[in-house]
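J.: Before we start, here is the structure in question, set down as structure tokens.
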Amino acid sequence: MPSPSFVIFEIGLYVLAVLCLIHAWRRGLHLVLGIVAGCIHGFVTENVAITRLHEYYYNRFLIMLCSNPGGWGVAVKCVAPNGCVPLVVPLLEGVLIYAAMSTTDQLNLSWRLRPLLDGLLAMTIDFALDPVVSIGTKCLTADLPQLNLHGLGFWIWQVRPPQEATLGVNLNNFAGWFLGTAVFSFVLRACRRWIQPRWPGLAGKLAAALAAVVATQLVLFVVVEIYTLLVNLLFGQQWIVFSIMIAAAVLVLLRGAAALRHDSPIDWTLLAVPGFLMLFTLGALLLSGLYQLRPLLLALWLVLFVIAGIGFTLPYWQRSAARQSSGSPA
């Protein structure tokens, strides 16, 4: 059997997935299909990353999407022992994208700009989570991995020159979370606005979700190629392109910050998604002793907890302030 940390993470996300599906069902079938589309998008991108790019591989969870899940335990190798994707990973991506999109939908922000904030919110959570639950290795040969940074071992990053790593994680991962979420969010929103009015009913909702999955892969391929060309031909280093991309997204969003709405009622289901992931990360840091081996991760978690807290609670600020000023219970 896997270690308790694997089980808690996996079962917790299954519970979150059910809660999000119920939450979406009450608001509209198109949102349920959006979660499903997000999970499919997550599986496709994960499968490409581990079977073609070979940047990382997964250790075994309870439910694996493959025919050869391998044994229990944490294996650190330079040659991936399998090409499996745990079911929990695309579920994580689907519910996190749903929570981010549902949060930004409550703000007075153009639908074309919401994907930028969606990407930043999802990336913030992964920036806190990934260095704690993964293990980074320097693979100079195929047989002798050199442990770079310790973690729980949910997945193993295999960083090879000239790749750049941040906290043991390939920097492409954080860029991928931002770009993958932003592109999927933009394409799904565009498909809903274009397809559903022209093809009303269940067929239109299904068509919009399916088109979003397919179109996202095509658009993302082009975006990643452009990103790669900027790194290889113009700037030479990943961190420069990554920093420019994130700074540009933040600046664009700051221009419309004054017009944002903050009067929505607090939605505890949406807050439960980043809340669980951030609290699990903190618990893993403290209970495993990682905070002693890598104290920087605890400081980073505190910073990212504040950023994620601000981002995911933006729609509720005025409502919360009004409750406090009136003396009403929270």
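Just remember, in the structure tokens the first chain shown is A, the second B, etc., residues are 1-based per chain, and ligands are 1-based in the order shown.
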List the spatial neighbours of range 12-20 of chain A as a ChimeraX atom specification - criterion: any atom at most 10 Å away, only C-alpha atoms, same-chain residues fewer than 5 positions off excluded.
T.: /A:6-7,25-26,31-32,35,87-89,91-92,94-96,98-99,269-270,272-273,276-277,280
J.: With N, CA and C atoms retained, export the selected residues as a compact mmCIF listing (two decimals), in the first residue's frame.
T.:
```
# COMPACT_ATOMS: atom_id res chain seq x y z
N PHE A 6 0.29 9.81 0.32
CA PHE A 6 -0.31 9.52 -0.98
C PHE A 6 -1.82 9.37 -0.85
N VAL A 7 -2.24 8.59 0.15
CA VAL A 7 -3.67 8.29 0.31
C VAL A 7 -4.46 9.54 0.68
N TRP A 25 -23.13 21.26 -11.03
CA TRP A 25 -24.44 20.78 -11.46
C TRP A 25 -25.55 21.73 -11.04
N ARG A 26 -25.42 22.30 -9.86
CA ARG A 26 -26.44 23.23 -9.36
C ARG A 26 -26.44 24.55 -10.13
N LEU A 31 -21.15 23.83 -16.88
CA LEU A 31 -20.04 23.89 -15.93
C LEU A 31 -19.55 22.49 -15.56
N VAL A 32 -20.47 21.53 -15.46
CA VAL A 32 -20.06 20.14 -15.23
C VAL A 32 -19.20 19.67 -16.40
N ILE A 35 -15.70 20.98 -16.18
CA ILE A 35 -14.81 20.23 -15.30
C ILE A 35 -14.29 18.99 -16.01
N LEU A 87 -5.01 8.92 -11.68
CA LEU A 87 -6.29 9.58 -11.91
C LEU A 87 -6.38 10.89 -11.15
N VAL A 88 -5.76 10.95 -9.99
CA VAL A 88 -5.88 12.13 -9.14
C VAL A 88 -5.27 13.38 -9.79
N VAL A 89 -4.29 13.20 -10.68
CA VAL A 89 -3.60 14.36 -11.26
C VAL A 89 -4.49 15.14 -12.23
N LEU A 91 -7.66 15.06 -12.26
CA LEU A 91 -8.73 15.57 -11.42
C LEU A 91 -8.29 16.85 -10.72
N LEU A 92 -7.06 16.85 -10.21
CA LEU A 92 -6.53 18.06 -9.58
C LEU A 92 -6.57 19.23 -10.56
N GLY A 94 -8.40 19.60 -13.26
CA GLY A 94 -9.76 19.96 -13.61
C GLY A 94 -10.45 20.80 -12.54
N VAL A 95 -10.33 20.39 -11.27
CA VAL A 95 -11.02 21.13 -10.21
C VAL A 95 -10.33 22.45 -9.91
N LEU A 96 -9.00 22.50 -10.05
CA LEU A 96 -8.30 23.76 -9.81
C LEU A 96 -8.65 24.78 -10.89
N TYR A 98 -11.43 24.78 -12.57
CA TYR A 98 -12.83 25.14 -12.30
C TYR A 98 -12.92 26.18 -11.19
N ALA A 99 -12.16 25.98 -10.11
CA ALA A 99 -12.19 26.93 -9.00
C ALA A 99 -11.67 28.30 -9.44
N THR A 269 -17.16 26.16 -1.34
CA THR A 269 -16.72 25.05 -2.19
C THR A 269 -15.53 25.48 -3.03
N LEU A 270 -15.62 26.66 -3.62
CA LEU A 270 -14.51 27.15 -4.44
C LEU A 270 -13.27 27.38 -3.58
N ALA A 272 -12.51 25.77 -0.94
CA ALA A 272 -12.01 24.50 -0.44
C ALA A 272 -10.91 23.92 -1.33
N VAL A 273 -10.94 24.22 -2.63
CA VAL A 273 -9.95 23.64 -3.55
C VAL A 273 -8.56 24.18 -3.25
N PHE A 276 -7.55 23.20 0.52
CA PHE A 276 -7.04 21.85 0.76
C PHE A 276 -5.62 21.70 0.26
N LEU A 277 -5.34 22.18 -0.95
CA LEU A 277 -4.01 22.00 -1.53
C LEU A 277 -2.94 22.74 -0.74
N PHE A 280 -2.63 20.95 2.76
CA PHE A 280 -1.92 19.68 2.60
C PHE A 280 -0.42 19.93 2.46
```
J.: So that I can see what lies close to range 199-205 of chain A, please list as a PyMOL selection string the residues with an atom at most 9 Å from it, counting only C-alpha atoms and leaving out residues fewer than 6 positions away in the same chain.
T.: chain A and resi 29-30+33+192
J.: Give me the residues near Val241 in chain A as a VMD selection string, where near means some atom within 7 Å (using only C-alpha atoms) and where sequence neighbours in that chain fewer than 3 positions away do not count.
T.: chain A and resid 230 to 231 235 238 244 to 245
J.: Just want the 9 Å neighbourhood of Asn108 in chain A, counted on only C-alpha atoms, with same-chain residues fewer than 4 positions away dropped. Output as a ChimeraX atom specification.
T.: /A:104,256,259-262
J.: Put those residues in a file: N, CA and C atoms, as a short mmCIF file (atom, residue, chain, number, x, y, z; two decimals), in the first residue's frame.
T.:
```
data_model
loop_
_atom_site.label_atom_id
_atom_site.label_comp_id
_atom_site.auth_asym_id
_atom_site.auth_seq_id
_atom_site.Cartn_x
_atom_site.Cartn_y
_atom_site.Cartn_z
N THR A 104 -12.86 33.98 -10.99
CA THR A 104 -12.70 35.17 -11.83
C THR A 104 -14.00 35.55 -12.53
N GLY A 256 -6.87 46.91 -14.83
CA GLY A 256 -8.31 46.85 -14.61
C GLY A 256 -8.68 46.54 -13.17
N ALA A 259 -11.65 48.39 -11.24
CA ALA A 259 -13.04 48.14 -11.63
C ALA A 259 -13.56 46.79 -11.17
N LEU A 260 -12.74 46.00 -10.47
CA LEU A 260 -13.16 44.67 -10.04
C LEU A 260 -14.28 44.75 -9.01
N ARG A 261 -15.18 43.78 -9.07
CA ARG A 261 -16.26 43.67 -8.09
C ARG A 261 -15.83 42.73 -6.96
N HIS A 262 -16.25 43.09 -5.75
CA HIS A 262 -15.87 42.29 -4.58
C HIS A 262 -17.07 42.00 -3.68
#
```
J.: Neighbouring residues of Leu298 in chain A were defined as those with any atom within 9 Å, considering only C-alpha atoms; residues of the same chain fewer than 6 positions away were excluded. Please report them as a ChimeraX atom specification.
T.: /A:282,285-286,290-291
J.: Could you check how far CA of Leu300 in chain A sits from CA of Thr313 in chain A, in Å to one decimal?
T.: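 Those two atoms sit 19.7 Å apart.
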J.: Have a look at A:Val214, A:Ala165, A:Val187, A:Val74 and name the one nearest to Trp239 in chain A; count only C-alpha atoms.
T.: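 Result for the nearest residue to Trp239 in chain A: A:Ala165.
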J.: Could you work out how far CA of Ile246 in chain A lies from CA of Ala212 in chain A, giving the answer in Å with one decimal?
T.: 23.7 Å
J.: Rank A:Asn170, A:Ser102, A:Thr51, A:Asn82 by their smallest atom-to-atom distance to Arg27 in chain A, using only C-alpha atoms, and report the top residue only.
T.: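 Comparing A:Asn170, A:Ser102, A:Thr51, A:Asn82 against Arg27 in chain A, the winner is A:Ser102.
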J.: What residues in range 85-323 of chain A get the DSSP label helix (DSSP H, G or I)? Please answer as a ChimeraX atom specification.
T.: /A:88-104,114-133,171-195,202-235,238-255,257-259,268-287,290-293,295-323
J.: What separation in Å, quoted to one decimal, exists between CA of Cys84 in chain A and CA of Glu46 in chain A?
T.: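 These atoms are spaced 9.4 Å apart.
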J.: Considering only C-alpha atoms, state which residue in the set A:Asp105, A:Glu93, A:Glu10, A:Asp126 is at the smallest distance from Ala37 in chain A.
T.: A:Glu93
J.: Could you pull the residues within 12 Å of Gly309 in chain A, counting only C-alpha atoms, minus those fewer than 4 positions along the same chain, as a list in words?
T.: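 With the cut-off at 12 Å, the set is Thr103, Leu121, Thr124, Ile125, Leu270, Leu271, Ala272, Val273, Pro274, Gly275, Met278, Leu279, Trp301, Leu302, Val303, Leu304, Phe305, Thr313, Leu314, Pro315, Tyr316 and Trp317 of chain A.
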